[in-house]
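Everything on this sheet refers to the single structure shown next.
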Amino acid sequence: MFSRAFLRSRTAAARAAQRASAPTAAARRTFAAEAGEAAKATSNKALPLALALAAVGAGGYYWSTTKYADLGKQLAEKKAAAAPKEPLDYKKVAADIADLLDADYEDGSYGPILVRLAWHASGTYAKGEGNGGSNGATMRFHAESSDGANNGLNIARDLLEPIKAKYPEISYADLWTLAGVVAIKELGGPSIPWRSGRSDAPDESACPPQGRLPDASKDQKHVRDVFYRMGFDDREIVALLGAHALGRCHTDRSGYSGPWTFSPTMLTNDYYKLLLSETWQKKKWDGPLQYEDKKTKSLMMLPSDMAMLWDSKFKVYVKEFAADEAVFFDAFASAFGKLLELGVKFPETSETITL
């Protein structure tokens with residue numbers, strides 16, 4: 001009895017002591033709440049810090065990867081610039097020019113006006129002054145394009161702009177002269193060796209004075225003055241005028257009207273044949289003096305063309321070229337190639353092609 005009573009008393013006393021020393025349920029809930037709030041506060045404070053650290057890390061990663069990407073791009077660009085470039089394939093350029101010729105344009109081809117562009121861009125050369133000519137492509141500037149002799153040539157220049165955009169390495173001076181050579185070949189004429197290496201002038205200060213191109217209203221003295229200035233002799237002069245077999249005159253450009261031959265998109269020796277075989281009379285009209293064939297009244301000759309007949313020295317070569325087209329082609333190819341190179345100092349890297 002005693003022992004069980006003692007044990008019960010000790011057990012009860014122990015339980016009372018445990019209850020006294022243990023926190024109450026309310027205290028436990030309060031403690032738990034405070035602990036939770038503290039943990040939450042700690043978590044709330046830690047989260048922005050963690051996010052900030054993550055952002056810094058991400059920013060650092062982005063900066064470093066971007067930096068190295070930019071550096072890699074710069075190194076690649078430098079390497080590409082330092083690497084030897086593929087030389088421009090001028091025959092490909094020529095092929096693309098040829099594709100432009102046949103079009104819904106007068107007489108069915110842009111060829112004649114491209115020949116005129118190359119001719120006029122080159123025909124300003126003055127041997128004595130050492131300036132003018134195809135180098136510089138100065139017809140890009142108003143000081144030269146506004147010369148009345150160049151009226152309408154904006155059509156040819158604009159036509160070649162897509163070629164320039166496709167091959168930006170080629171200068172306008174090279175492009176215009178190459179277009180003339182291509183047109184001659186495509187219109188049935190001879191192959192003319194062409195050299196690259198012309199450069200473009202930066203501004204119109206390089207433009208030659210106006211009035212250097214032939215005036216169609218003048219006589220043989222004027223014709224000789226213009227061509228002798230460039231360094232041509234009488235035979236070369238007559239050969240170059242054979243280009244009048246191509247194209248036609250326009251009242252809104254030169255003031256004159258009509259074609260020289262019955263086949264204005266084919267380079268032949270018909271210009272010389274017609275000069276000799278047809279009877280030429282003054283055209284009765286309100287325009288400037290020009291001549292028409294008596295038979296059909298559909299062809300025309302300019303006063304400067306008639307000078308080829310009226311001058312005995314010029315007429316010798318008219319007869320020579322009328323008699324043999326191959327002889328004319330040889331003389332024309334030589335004179336036209338010379339015209340395109342007047343005043344040009346070609347670099348050592350210059351390339352010659354023959355179509």
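Ligands are numbered from 1 in the order shown, chains are lettered A, B, ... in the order of the structure tokens, and residues start at 1 in each chain.
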
According to DSSP computed on the backbone, where in region 255-330 of chain A is there strand (DSSP E)? Give the residues as a ChimeraX atom specification. /A:258-259,280-282,291-293,300-301

Can you write out the residues you just picked, keeping C-alpha atoms, as an mmCIF file, in the first residue's frame?
```cif
data_model
loop_
_atom_site.group_PDB
_atom_site.id
_atom_site.type_symbol
_atom_site.label_atom_id
_atom_site.label_comp_id
_atom_site.auth_asym_id
_atom_site.auth_seq_id
_atom_site.Cartn_x
_atom_site.Cartn_y
_atom_site.Cartn_z
ATOM 1 C CA GLY A 258 15.519 60.381 -137.341
ATOM 2 C CA PRO A 259 17.943 57.468 -137.842
ATOM 3 C CA TRP A 280 20.890 63.893 -149.779
ATOM 4 C CA GLN A 281 18.792 67.018 -149.683
ATOM 5 C CA LYS A 282 17.997 69.596 -147.051
ATOM 6 C CA TYR A 291 19.617 66.320 -144.567
ATOM 7 C CA GLU A 292 17.243 63.563 -145.662
ATOM 8 C CA ASP A 293 17.491 60.909 -148.323
ATOM 9 C CA MET A 300 18.841 61.712 -142.054
ATOM 10 C CA MET A 301 22.402 63.019 -142.028
#
```

Non-local contacts of region 217-228 of chain A (6 Å; only C-alpha atoms; under 6 positions in same chain excluded) as an MDAnalysis selection string: chainID A and resid 303:304 307

At what distance in Å, to one decimal, does CA of Arg235 (chain A) lie from CA of Trp176 (chain A)? 25.2 Å

Quick one: of A:Met308, A:Val181, A:Leu114, A:Asp147, who's nearest to Ile353 (chain A), counting only C-alpha atoms? A:Val181
